[in-house]
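Everything below belongs to entry_6.cif, which stores mmCIF, C-alpha atoms and all ligand atoms.
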data_structure
#
loop_
_atom_site.label_atom_id
_atom_site.label_comp_id
_atom_site.auth_asym_id
_atom_site.auth_seq_id
_atom_site.Cartn_x
_atom_site.Cartn_y
_atom_site.Cartn_z
CA MET A 1 11.61 17.44 5.53
CA LEU A 2 8.85 14.90 5.99
CA ARG A 3 11.11 12.05 7.02
CA ARG A 4 12.64 14.15 9.82
CA SER A 5 9.34 15.46 11.16
CA ALA A 6 8.05 11.88 11.15
CA ALA A 7 11.20 10.47 12.75
CA LYS A 8 10.91 12.94 15.65
CA LYS A 9 7.80 10.98 16.65
CA ASN A 10 9.35 7.58 15.84
CA LEU A 11 7.22 7.39 12.73
CA ILE A 12 8.53 6.34 9.34
CA TYR A 13 7.47 8.36 6.30
CA GLY A 14 8.02 7.13 2.77
CA THR A 15 6.89 6.99 -0.83
CA THR A 16 6.62 4.72 -3.85
CA ILE A 17 9.44 4.62 -6.35
CA SER A 18 10.21 2.62 -9.48
CA ALA A 19 13.33 1.35 -11.22
CA GLY A 20 12.44 3.62 -14.15
CA GLN A 21 12.36 6.69 -11.91
CA ILE A 22 15.63 5.72 -10.23
CA ALA A 23 17.36 5.46 -13.61
CA GLY A 24 15.58 8.25 -15.43
CA ASP A 25 14.63 11.08 -13.10
CA PRO A 26 17.56 12.30 -10.96
CA PRO A 27 15.79 15.47 -9.70
CA PHE A 28 12.88 13.34 -8.47
CA VAL A 29 15.29 10.88 -6.87
CA ASP A 30 16.97 13.81 -5.05
CA LEU A 31 13.57 14.83 -3.70
CA VAL A 32 12.88 11.27 -2.54
CA LEU A 33 16.24 11.16 -0.75
CA GLN A 34 15.53 14.51 0.88
CA GLN A 35 11.99 13.69 2.03
CA ALA A 36 11.57 9.95 2.45
CA GLY A 37 12.83 7.54 5.08
CA ALA A 38 11.25 4.58 3.31
CA VAL A 39 10.43 3.42 -0.19
CA VAL A 40 8.15 0.83 -1.73
CA ALA A 41 8.12 -0.37 -5.35
CA GLU A 42 4.86 0.87 -6.86
CA ASN A 43 4.76 -1.99 -9.36
CA ASP A 44 8.20 -3.58 -9.79
CA MET A 45 7.72 -6.38 -7.22
CA LYS A 46 4.25 -7.45 -8.35
CA TRP A 47 4.08 -11.01 -9.61
CA ARG A 48 2.60 -10.32 -13.03
CA VAL A 49 4.98 -7.40 -13.52
CA MET A 50 8.00 -9.60 -12.69
CA ASN A 51 6.69 -12.48 -14.72
CA ARG A 52 5.11 -11.60 -18.02
CA GLY A 53 6.02 -14.82 -19.82
CA ALA A 54 6.63 -18.43 -18.87
CA ARG A 55 6.71 -19.68 -15.30
CA ASP A 56 10.50 -19.78 -15.01
CA GLU A 57 11.05 -16.37 -16.58
CA ASP A 58 10.97 -14.02 -13.59
CA ASN A 59 12.67 -10.69 -14.17
CA TYR A 60 14.20 -9.48 -10.92
CA ARG A 61 16.12 -6.56 -12.40
CA PRO A 62 13.67 -3.69 -11.63
CA ALA A 63 12.87 -5.14 -8.20
CA ASP A 64 16.61 -5.44 -7.45
CA THR A 65 17.09 -1.82 -8.54
CA VAL A 66 14.55 -0.66 -5.98
CA ALA A 67 15.90 -2.94 -3.22
CA ASP A 68 19.49 -1.84 -3.93
CA PHE A 69 18.44 1.83 -3.99
CA ALA A 70 16.91 1.43 -0.53
CA HIS A 71 19.95 -0.39 0.79
CA GLU A 72 22.51 2.03 -0.66
CA ASN A 73 20.65 5.04 0.72
CA ASP A 74 19.83 3.54 4.08
CA LEU A 75 16.09 3.69 3.47
CA THR A 76 13.51 1.39 5.01
CA LEU A 77 12.13 -0.93 2.32
CA ARG A 78 8.49 -2.04 2.18
CA GLY A 79 7.73 -5.07 0.07
CA HIS A 80 4.64 -4.79 -2.16
CA ASN A 81 3.38 -7.42 -2.71
CA LEU A 82 3.78 -11.19 -2.56
CA LEU A 83 0.24 -12.18 -3.63
CA TRP A 84 -2.51 -10.08 -5.22
CA TYR A 85 -5.52 -11.44 -7.06
CA GLN A 86 -5.03 -8.65 -9.61
CA SER A 87 -1.42 -9.42 -10.36
CA THR A 88 -1.22 -13.16 -10.94
CA PRO A 89 0.63 -14.35 -14.07
CA SER A 90 -1.59 -15.79 -16.77
CA TRP A 91 0.04 -19.26 -16.65
CA PHE A 92 -1.09 -19.65 -13.03
CA PHE A 93 -4.72 -19.98 -14.16
CA ASP A 94 -3.76 -22.87 -16.46
CA LEU A 95 -2.26 -24.99 -13.67
CA SER A 96 -4.26 -28.17 -13.49
CA SER A 97 -4.33 -28.96 -9.78
CA ARG A 98 -4.59 -27.41 -6.38
CA GLN A 99 -1.23 -28.92 -5.51
CA GLU A 100 0.48 -27.28 -8.48
CA MET A 101 -1.04 -23.93 -7.55
CA ALA A 102 0.12 -24.29 -3.95
CA GLY A 103 3.60 -25.10 -5.25
CA ALA A 104 3.60 -21.98 -7.44
CA ILE A 105 2.49 -19.77 -4.53
CA VAL A 106 5.17 -21.21 -2.24
CA ASP A 107 7.85 -20.83 -4.96
CA ARG A 108 6.89 -17.22 -5.61
CA ILE A 109 6.92 -16.20 -1.94
CA THR A 110 10.03 -18.18 -1.07
CA ALA A 111 11.95 -16.78 -4.03
CA LEU A 112 11.03 -13.11 -3.61
CA ALA A 113 10.91 -12.79 0.18
CA GLY A 114 13.98 -15.06 0.40
CA ARG A 115 15.94 -12.96 -2.10
CA TYR A 116 15.55 -9.83 0.06
CA ARG A 117 15.64 -11.65 3.40
CA GLY A 118 16.79 -9.30 6.13
CA ARG A 119 16.36 -6.23 3.91
CA VAL A 120 12.59 -5.78 3.89
CA HIS A 121 10.96 -4.05 6.85
CA SER A 122 7.48 -5.33 6.02
CA TRP A 123 5.80 -7.35 3.30
CA ASP A 124 2.29 -6.95 2.01
CA VAL A 125 1.88 -10.71 1.92
CA VAL A 126 -1.67 -10.84 0.61
CA ASN A 127 -2.92 -7.63 -0.92
CA GLU A 128 -6.65 -6.87 -0.76
CA PRO A 129 -8.15 -10.15 0.54
CA ILE A 130 -11.42 -8.49 1.64
CA GLY A 131 -14.56 -8.32 -0.54
CA PRO A 132 -17.89 -8.41 1.33
CA GLU A 133 -19.62 -7.55 -1.96
CA ASP A 134 -18.81 -11.11 -3.09
CA GLY A 135 -21.41 -12.31 -0.58
CA ARG A 136 -19.44 -14.77 1.54
CA PRO A 137 -20.32 -14.81 5.26
CA ASP A 138 -16.65 -14.23 6.16
CA GLY A 139 -16.46 -11.17 3.87
CA LEU A 140 -13.43 -12.52 1.99
CA ARG A 141 -12.93 -11.69 -1.67
CA THR A 142 -13.53 -14.58 -4.02
CA GLY A 143 -11.03 -15.20 -6.79
CA VAL A 144 -8.67 -17.87 -7.92
CA PHE A 145 -6.86 -18.27 -4.60
CA LEU A 146 -10.01 -18.50 -2.49
CA GLU A 147 -11.81 -20.73 -4.97
CA MET A 148 -8.95 -23.24 -4.97
CA PHE A 149 -8.00 -23.26 -1.30
CA GLY A 150 -10.70 -21.47 0.68
CA PRO A 151 -9.35 -19.08 3.34
CA ASP A 152 -6.40 -21.48 3.85
CA TYR A 153 -4.55 -19.73 1.02
CA LEU A 154 -3.87 -16.91 3.47
CA ASP A 155 -2.39 -19.35 6.00
CA LEU A 156 -0.13 -20.81 3.33
CA ALA A 157 1.02 -17.38 2.17
CA TYR A 158 1.79 -15.94 5.61
CA ARG A 159 3.49 -19.09 6.91
CA THR A 160 5.65 -19.28 3.80
CA ALA A 161 6.55 -15.59 4.07
CA ARG A 162 7.55 -15.99 7.72
CA GLU A 163 9.80 -18.86 6.83
CA ALA A 164 11.38 -17.01 3.91
CA ASP A 165 12.14 -13.87 5.93
CA PRO A 166 11.58 -14.31 9.67
CA ASN A 167 12.34 -10.66 10.48
CA ALA A 168 9.99 -8.98 8.04
CA ARG A 169 6.71 -7.74 9.46
CA LEU A 170 3.87 -9.48 7.70
CA VAL A 171 1.06 -7.18 6.65
CA VAL A 172 -2.52 -7.58 5.43
CA ASN A 173 -2.92 -4.59 3.11
CA GLU A 174 -6.44 -3.39 2.31
CA TYR A 175 -8.40 -0.49 0.85
CA GLY A 176 -11.82 1.01 1.61
CA LEU A 177 -11.39 1.03 5.40
CA GLU A 178 -11.29 4.76 6.08
CA LEU A 179 -14.74 6.24 5.58
CA ASP A 180 -18.06 6.31 7.40
CA ALA A 181 -20.17 4.22 5.01
CA PRO A 182 -21.96 0.87 5.46
CA GLU A 183 -19.88 -0.84 2.77
CA GLN A 184 -16.65 0.30 4.43
CA GLU A 185 -17.99 -0.77 7.82
CA ALA A 186 -18.52 -4.22 6.32
CA ARG A 187 -14.94 -4.21 5.02
CA ARG A 188 -13.60 -3.23 8.45
CA ALA A 189 -15.65 -5.95 10.16
CA ALA A 190 -14.45 -8.58 7.66
CA LEU A 191 -10.83 -7.56 8.13
CA LEU A 192 -11.07 -7.79 11.92
CA LYS A 193 -12.71 -11.20 11.56
CA LEU A 194 -9.93 -12.35 9.25
CA ILE A 195 -7.19 -11.25 11.65
CA GLU A 196 -8.93 -13.03 14.53
CA ARG A 197 -9.24 -16.19 12.45
CA MET A 198 -5.55 -16.05 11.53
CA GLN A 199 -4.54 -15.52 15.13
CA ARG A 200 -6.68 -18.44 16.32
CA ALA A 201 -4.93 -20.65 13.76
CA ASN A 202 -1.47 -19.35 14.75
CA VAL A 203 -0.91 -17.86 11.32
CA PRO A 204 1.79 -15.19 11.59
CA VAL A 205 0.47 -11.68 10.96
CA ASP A 206 2.03 -8.52 12.38
CA ALA A 207 0.36 -5.47 10.90
CA VAL A 208 -2.60 -4.09 9.02
CA GLY A 209 -1.92 -1.84 6.04
CA ILE A 210 -4.53 0.85 5.52
CA GLN A 211 -4.19 2.01 1.93
CA ALA A 212 -6.09 5.31 2.30
CA HIS A 213 -6.75 6.33 -1.29
CA LEU A 214 -8.93 9.32 -0.38
CA SER A 215 -10.97 11.94 -2.24
CA CYS A 216 -11.05 15.60 -1.20
CA ALA A 217 -14.71 16.12 -2.16
CA GLY A 218 -17.74 13.96 -2.81
CA GLY A 219 -18.14 10.35 -1.74
CA PRO A 220 -18.93 9.01 1.74
CA PRO A 221 -18.17 11.20 4.76
CA PHE A 222 -15.10 10.83 6.92
CA SER A 223 -15.57 10.33 10.65
CA ALA A 224 -12.46 10.76 12.77
CA ALA A 225 -14.19 8.98 15.66
CA ARG A 226 -15.09 6.01 13.45
CA LEU A 227 -11.55 5.67 12.11
CA ARG A 228 -10.05 5.94 15.58
CA ARG A 229 -12.36 3.22 16.84
CA PHE A 230 -11.33 0.87 14.06
CA LEU A 231 -7.62 1.57 14.54
CA SER A 232 -7.91 0.89 18.26
CA GLN A 233 -9.70 -2.40 17.48
CA VAL A 234 -6.75 -3.42 15.29
CA ALA A 235 -4.29 -2.30 17.96
CA GLY A 236 -6.31 -4.26 20.51
CA LEU A 237 -5.53 -7.43 18.56
CA GLY A 238 -1.84 -6.72 19.17
CA LEU A 239 -1.04 -5.61 15.61
CA THR A 240 0.73 -2.48 14.44
CA ILE A 241 -0.73 -0.33 11.68
CA GLN A 242 0.81 1.16 8.57
CA ILE A 243 -0.79 3.76 6.33
CA THR A 244 0.46 2.28 3.09
CA GLU A 245 -0.84 4.11 0.00
CA LEU A 246 -2.06 7.53 1.04
CA ASP A 247 -3.10 9.96 -1.70
CA VAL A 248 -6.01 12.33 -2.30
CA THR A 249 -7.91 12.65 -5.57
CA ASP A 250 -9.55 15.94 -6.55
CA GLU A 251 -12.06 14.79 -9.17
CA ASN A 252 -14.97 16.63 -7.57
CA ALA A 253 -13.09 19.79 -6.57
CA PRO A 254 -13.41 23.12 -8.40
CA ALA A 255 -10.94 23.92 -11.18
CA ASP A 256 -9.31 26.75 -9.23
CA GLN A 257 -5.91 25.36 -8.31
CA ALA A 258 -5.54 27.15 -4.98
CA VAL A 259 -8.97 25.98 -3.84
CA ARG A 260 -8.24 22.44 -4.96
CA ASP A 261 -4.85 22.34 -3.27
CA ARG A 262 -6.45 23.57 -0.05
CA LEU A 263 -9.15 20.89 -0.16
CA VAL A 264 -6.58 18.17 -0.81
CA ALA A 265 -4.38 19.47 2.03
CA ASP A 266 -7.35 19.59 4.43
CA THR A 267 -8.17 15.97 3.59
CA TYR A 268 -4.60 14.88 4.37
CA ALA A 269 -4.78 16.84 7.64
CA ARG A 270 -8.14 15.44 8.76
CA PHE A 271 -7.16 11.87 7.98
CA LEU A 272 -3.66 11.99 9.47
CA ASP A 273 -4.71 13.89 12.61
CA ALA A 274 -7.17 11.09 13.37
CA ALA A 275 -4.94 8.19 12.29
CA LEU A 276 -1.81 9.37 14.10
CA ASP A 277 -3.71 9.66 17.38
CA GLU A 278 -3.44 5.88 17.48
CA ALA A 279 0.01 4.96 18.79
CA ALA A 280 -0.03 1.63 16.91
CA VAL A 281 0.28 3.56 13.62
CA LYS A 282 4.01 3.41 12.94
CA MET A 283 4.42 4.27 9.30
CA VAL A 284 2.91 6.56 6.67
CA MET A 285 3.63 5.98 2.99
CA THR A 286 2.18 8.26 0.33
CA TRP A 287 1.45 6.59 -3.02
CA GLY A 288 4.00 8.80 -4.75
CA LEU A 289 5.70 12.01 -3.67
CA SER A 290 5.19 14.32 -6.62
CA ASP A 291 2.30 14.74 -9.05
CA ARG A 292 4.95 14.04 -11.71
CA HIS A 293 4.67 10.32 -10.91
CA SER A 294 1.20 9.38 -9.75
CA TRP A 295 -1.11 6.59 -10.87
CA ILE A 296 -3.94 9.13 -10.56
CA VAL A 297 -2.28 11.61 -12.91
CA ARG A 298 -1.43 8.72 -15.27
CA ARG A 299 -5.16 7.86 -15.16
CA GLU A 300 -4.59 4.28 -14.01
CA THR A 301 -7.48 4.76 -11.59
CA ASN A 302 -11.08 3.92 -12.18
CA GLU A 303 -12.54 6.53 -14.57
CA SER A 304 -14.74 7.93 -11.81
CA LYS A 305 -11.58 9.43 -10.27
CA TRP A 306 -10.62 11.38 -13.39
CA ARG A 307 -11.21 15.12 -13.54
CA VAL A 308 -13.68 16.00 -16.26
CA ASP A 309 -11.97 19.30 -17.12
CA SER A 310 -8.62 19.22 -18.85
CA SER A 311 -6.55 20.04 -15.76
CA PRO A 312 -4.36 17.25 -14.37
CA SER A 313 -5.08 15.93 -10.86
CA ARG A 314 -2.92 17.20 -8.00
CA PRO A 315 -3.01 14.37 -5.43
CA LEU A 316 0.46 14.38 -3.80
CA PRO A 317 2.56 16.62 -1.51
CA PHE A 318 4.76 18.00 -4.33
CA ASP A 319 3.60 19.28 -7.70
CA ALA A 320 4.83 18.05 -11.06
CA ASP A 321 7.69 20.61 -10.90
CA LEU A 322 8.72 19.13 -7.54
CA LYS A 323 7.54 22.22 -5.63
CA PRO A 324 5.86 21.69 -2.24
CA LYS A 325 2.10 22.21 -2.11
CA PRO A 326 -0.25 22.86 0.84
CA ALA A 327 -0.53 19.07 1.15
CA PHE A 328 3.17 18.98 2.07
CA GLU A 329 2.61 21.52 4.86
CA ALA A 330 -0.45 19.59 6.05
CA ILE A 331 1.45 16.30 6.31
CA ALA A 332 4.40 17.96 8.05
CA GLN A 333 2.00 19.60 10.50
CA ALA A 334 0.21 16.32 11.16
CA PHE A 335 3.55 14.70 12.00
CA ALA A 336 4.38 17.65 14.28
CA ASN A 337 0.98 17.27 16.03
CA ALA A 338 1.28 13.49 16.40
CA PRO A 339 1.94 12.03 19.83
CA GLU A 340 5.40 10.47 20.08
CA ARG A 341 5.30 6.67 19.82
CA GLN A 342 7.55 3.94 21.13
CA PRO A 343 10.56 3.34 18.87
CA GLY A 344 10.57 0.18 16.77
O1 LIG B 401 4.40 -0.18 -17.95
C1 LIG B 401 3.34 -0.11 -18.92
C2 LIG B 401 3.77 0.66 -20.11
O2 LIG B 401 4.79 -0.05 -20.75
C3 LIG B 401 2.57 0.86 -21.04
O3 LIG B 401 2.93 1.66 -22.12
C4 LIG B 401 1.41 1.53 -20.28
C5 LIG B 401 0.15 1.68 -21.13
O4 LIG B 401 -1.03 1.49 -20.40
O5 LIG B 401 1.09 0.73 -19.16
C6 LIG B 401 2.18 0.60 -18.24
O6 LIG B 401 1.77 -0.23 -17.21
C7 LIG B 401 0.89 0.35 -16.26
C8 LIG B 401 1.57 0.32 -14.90
O7 LIG B 401 0.66 0.71 -13.90
C9 LIG B 401 2.80 1.24 -14.83
O8 LIG B 401 2.43 2.59 -15.01
C10 LIG B 401 -0.37 -0.52 -16.23
O9 LIG B 401 -1.07 -0.35 -17.46
C11 LIG B 401 -1.25 -0.08 -15.08
O10 LIG B 401 -2.36 -0.96 -14.96
C12 LIG B 401 -0.46 -0.12 -13.79
O11 LIG B 401 -1.29 0.40 -12.75
C13 LIG B 401 -0.84 0.17 -11.42
C14 LIG B 401 -1.96 -0.55 -10.66
O12 LIG B 401 -1.61 -0.67 -9.30
C15 LIG B 401 -2.18 -1.96 -11.20
O13 LIG B 401 -1.08 -2.79 -10.92
C16 LIG B 401 -0.54 1.53 -10.78
O14 LIG B 401 0.62 2.10 -11.36
C17 LIG B 401 -0.30 1.36 -9.28
O15 LIG B 401 -0.24 2.62 -8.67
C18 LIG B 401 -1.46 0.59 -8.66
O16 LIG B 401 -1.17 0.39 -7.31
C19 LIG B 401 -2.19 -0.29 -6.53
C20 LIG B 401 -1.49 -1.06 -5.45
O17 LIG B 401 -0.56 -1.94 -6.03
C21 LIG B 401 -2.49 -1.80 -4.57
N1 LIG B 401 -3.48 -0.91 -4.04
C22 LIG B 401 -4.19 -0.09 -5.01
C23 LIG B 401 -3.19 0.68 -5.87
C24 LIG B 401 -3.95 1.48 -6.87
O18 LIG B 401 -4.66 0.60 -7.73
#
Before we go any further, please render this structure as structure tokens.
Amino acid sequence: MLRRSAAKKNLIYGTTISAGQIAGDPPFVDLVLQQAGAVVAENDMKWRVMNRGARDEDNYRPADTVADFAHENDLTLRGHNLLWYQSTPSWFFDLSSRQEMAGAIVDRITALAGRYRGRVHSWDVVNEPIGPEDGRPDGLRTGVFLEMFGPDYLDLAYRTAREADPNARLVVNEYGLELDAPEQEARRAALLKLIERMQRANVPVDAVGIQAHLSCAGGPPFSAARLRRFLSQVAGLGLTIQITELDVTDENAPADQAVRDRLVADTYARFLDAALDEAAVKMVMTWGLSDRHSWIVRRETNESKWRVDSSPSRPLPFDADLKPKPAFEAIAQAFANAPERQPG
């Protein structure tokens, strides 16, 4: 059981879930309860998912289903996410002033983080704020929030989240931090700079979320030493680290299923062996548990991640029939190899 092998080292292991899966897929839910010590809503807490219509028409039902599921089953709950440039309701862009936009951001964060106050272990407050490709000297992603407020939108979001739920750990969640490539190095540098800026301004931030959407073949190389160095830089700033969205695509792997599964498993092993060496890493979430429910298999990824043959991707620890794959063994082994960390 992944949650037990993780817990032996004071690590938390978990997976995404959705209200639809909770209601409609009891065998999958049984697997989640067997394997996971934590859950995160894959989509149900995103702003544009909760609010598809007018400003005052939030739908909390799916988000409540996930939060209640966690509570009833004594699972750690991650909150994903309070603010994401990709998931902003369409009415937000029509607001006519900076002040109105600030009010909408504060309302959103206060309402959602406040509703689950005391029940959420950690919130991805701002998801994916980094974007060196946008050309700013600070490496921040441009977009509606940054254009309206400059980097101060982050201060507003994190301060509001702290007030709404003082016990939740506040996370900056980001992708493209794992590999040995100049563009990822730029993303790492920008993230470190952002954390330092927030700390100088006394903006509350507790953890970095490393998404870790990996590929088992092709793409930039992985350097364990490079990843370790970055994780120790984050730890050196006094923050904890969560691996928040781990999965492994197999778009460039051969069709042979056994070969593919081995490559995927090896990628999990290489990444986790390096990441878990850093004692500040406290939590590992995979972005799904079974290939039955994966954004990669549903082809919600960029097309470059799709397999060109007709075989479905196999990115997660369990297959679509809920049977464990070599990736499951690799993750369990990585937890077994991990040094024990301090509880909490
Ligand atoms: O629910 C509708 C369904 O009614 C409709 O028939 C179907 C047709 O396309 O779409 C369904 O919505 C999709 C939704 O996932 C649920 O499956 C959306 O089109 C699709 O865009 C959405 O993709 C999600 C994506 O974020 C965008 O929000 C993925 O499931 C989700 O895994 C992914 O997660 C993100 C993290 O939040 C942040 N980090 C990166 C990660 C991957 O992009």
Minimum-distance residue to ligand LIG 401 (chain B), chosen among A:Arg200, A:His213, A:Arg169, A:Arg4 (using all atoms listed in the file): A:His213
Site check for ligand LIG 401 (chain B): residues at most 8 Å away, all atoms listed in the file, as a PyMOL selection string: chain A and resi 42-43+46+80-81+86-87+127-128+174-175+211+213+245+287+294-296+298+300-301
Could you save those same residues with C-alpha atoms as a PDB file, keeping the file's coordinate frame?
ATOM      1  CA  GLU A  42       4.860   0.870  -6.860  1.00  0.00           C
ATOM      2  CA  ASN A  43       4.760  -1.990  -9.360  1.00  0.00           C
ATOM      3  CA  LYS A  46       4.250  -7.450  -8.350  1.00  0.00           C
ATOM      4  CA  HIS A  80       4.640  -4.790  -2.160  1.00  0.00           C
ATOM      5  CA  ASN A  81       3.380  -7.420  -2.710  1.00  0.00           C
ATOM      6  CA  GLN A  86      -5.030  -8.650  -9.610  1.00  0.00           C
ATOM      7  CA  SER A  87      -1.420  -9.420 -10.360  1.00  0.00           C
ATOM      8  CA  ASN A 127      -2.920  -7.630  -0.920  1.00  0.00           C
ATOM      9  CA  GLU A 128      -6.650  -6.870  -0.760  1.00  0.00           C
ATOM     10  CA  GLU A 174      -6.440  -3.390   2.310  1.00  0.00           C
ATOM     11  CA  TYR A 175      -8.400  -0.490   0.850  1.00  0.00           C
ATOM     12  CA  GLN A 211      -4.190   2.010   1.930  1.00  0.00           C
ATOM     13  CA  HIS A 213      -6.750   6.330  -1.290  1.00  0.00           C
ATOM     14  CA  GLU A 245      -0.840   4.110   0.000  1.00  0.00           C
ATOM     15  CA  TRP A 287       1.450   6.590  -3.020  1.00  0.00           C
ATOM     16  CA  SER A 294       1.200   9.380  -9.750  1.00  0.00           C
ATOM     17  CA  TRP A 295      -1.110   6.590 -10.870  1.00  0.00           C
ATOM     18  CA  ILE A 296      -3.940   9.130 -10.560  1.00  0.00           C
ATOM     19  CA  ARG A 298      -1.430   8.720 -15.270  1.00  0.00           C
ATOM     20  CA  GLU A 300      -4.590   4.280 -14.010  1.00  0.00           C
ATOM     21  CA  THR A 301      -7.480   4.760 -11.590  1.00  0.00           C
TER      22      THR A 301
END
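Interatomic distance, CA of Val203 (chain A) to CA of Tyr153 (chain A): 11.1 Å.
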Region 104-108 of chain A surroundings by all atoms listed in the file, 12 Å radius, close-in-sequence under 5 positions cut, as number ranges by chain: A: 45-48, 50-51, 55-58, 60, 81-85, 88-89, 91-99, 113-115, 125-126, 144-145, 148-149, 153-164
Write out, as a compact mmCIF listing (two decimals), keeping the file's coordinate frame, the residues just selected, with C-alpha atoms.
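And here is the file that came out, part-v7.txt:
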# COMPACT_ATOMS: atom_id res chain seq x y z
CA MET A 45 7.72 -6.38 -7.22
CA LYS A 46 4.25 -7.45 -8.35
CA TRP A 47 4.08 -11.01 -9.61
CA ARG A 48 2.60 -10.32 -13.03
CA MET A 50 8.00 -9.60 -12.69
CA ASN A 51 6.69 -12.48 -14.72
CA ARG A 55 6.71 -19.68 -15.30
CA ASP A 56 10.50 -19.78 -15.01
CA GLU A 57 11.05 -16.37 -16.58
CA ASP A 58 10.97 -14.02 -13.59
CA TYR A 60 14.20 -9.48 -10.92
CA ASN A 81 3.38 -7.42 -2.71
CA LEU A 82 3.78 -11.19 -2.56
CA LEU A 83 0.24 -12.18 -3.63
CA TRP A 84 -2.51 -10.08 -5.22
CA TYR A 85 -5.52 -11.44 -7.06
CA THR A 88 -1.22 -13.16 -10.94
CA PRO A 89 0.63 -14.35 -14.07
CA TRP A 91 0.04 -19.26 -16.65
CA PHE A 92 -1.09 -19.65 -13.03
CA PHE A 93 -4.72 -19.98 -14.16
CA ASP A 94 -3.76 -22.87 -16.46
CA LEU A 95 -2.26 -24.99 -13.67
CA SER A 96 -4.26 -28.17 -13.49
CA SER A 97 -4.33 -28.96 -9.78
CA ARG A 98 -4.59 -27.41 -6.38
CA GLN A 99 -1.23 -28.92 -5.51
CA ALA A 113 10.91 -12.79 0.18
CA GLY A 114 13.98 -15.06 0.40
CA ARG A 115 15.94 -12.96 -2.10
CA VAL A 125 1.88 -10.71 1.92
CA VAL A 126 -1.67 -10.84 0.61
CA VAL A 144 -8.67 -17.87 -7.92
CA PHE A 145 -6.86 -18.27 -4.60
CA MET A 148 -8.95 -23.24 -4.97
CA PHE A 149 -8.00 -23.26 -1.30
CA TYR A 153 -4.55 -19.73 1.02
CA LEU A 154 -3.87 -16.91 3.47
CA ASP A 155 -2.39 -19.35 6.00
CA LEU A 156 -0.13 -20.81 3.33
CA ALA A 157 1.02 -17.38 2.17
CA TYR A 158 1.79 -15.94 5.61
CA ARG A 159 3.49 -19.09 6.91
CA THR A 160 5.65 -19.28 3.80
CA ALA A 161 6.55 -15.59 4.07
CA ARG A 162 7.55 -15.99 7.72
CA GLU A 163 9.80 -18.86 6.83
CA ALA A 164 11.38 -17.01 3.91
Exercise: region 217-221 of chain A partners within 10 Å, only C-alpha atoms, chain neighbours under 4 positions left out, as a list in words: Glu178, Leu179, Asp180, Ala181, Pro182, Glu183, Gln184, Val248, Thr249, Asp250, Glu251, Asn252, Ala253, Pro254, Arg260, Leu263, Val264 and Thr267 of chain A
What does the file look like for those residues with C-alpha atoms, as a CSV table (one decimal), keeping the file's coordinate frame?
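Result file again-v9.csv:
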chain,number,residue,atom,x,y,z
A,178,GLU,CA,-11.3,4.8,6.1
A,179,LEU,CA,-14.7,6.2,5.6
A,180,ASP,CA,-18.1,6.3,7.4
A,181,ALA,CA,-20.2,4.2,5.0
A,182,PRO,CA,-22.0,0.9,5.5
A,183,GLU,CA,-19.9,-0.8,2.8
A,184,GLN,CA,-16.6,0.3,4.4
A,248,VAL,CA,-6.0,12.3,-2.3
A,249,THR,CA,-7.9,12.6,-5.6
A,250,ASP,CA,-9.6,15.9,-6.6
A,251,GLU,CA,-12.1,14.8,-9.2
A,252,ASN,CA,-15.0,16.6,-7.6
A,253,ALA,CA,-13.1,19.8,-6.6
A,254,PRO,CA,-13.4,23.1,-8.4
A,260,ARG,CA,-8.2,22.4,-5.0
A,263,LEU,CA,-9.2,20.9,-0.2
A,264,VAL,CA,-6.6,18.2,-0.8
A,267,THR,CA,-8.2,16.0,3.6
For Leu227 (chain A): contacts at 12 Å, all atoms listed in the file, fewer than 2 positions along chain excluded, given as a ChimeraX atom specification: /A:176-181,184-185,188,210,212,221-225,229-234,270-278
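When CA of Pro312 (chain A) is paired with CA of Ser18 (chain A), their separation reads 21.2 Å.
Comparing the minimum interatomic distances between Phe318 (chain A) and each of A:Val32, A:Ile22, A:Met283, A:Ala111, counting all atoms listed in the file, we find that A:Val32 sits nearest.
In this comparison, which uses all atoms listed in the file, the residue of A:Asp44, A:Met101, A:Val39, A:Phe28 approaching Asn73 (chain A) most closely is A:Val39.
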Residue neighbourhood Gly288 (chain A), 8 Å, only C-alpha atoms, exclusion window fewer than 6 positions, as number ranges by chain: A: 15-17, 247, 294, 316
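Note that CA of Val281 (chain A) and CA of Asp261 (chain A) are 25.8 Å apart.
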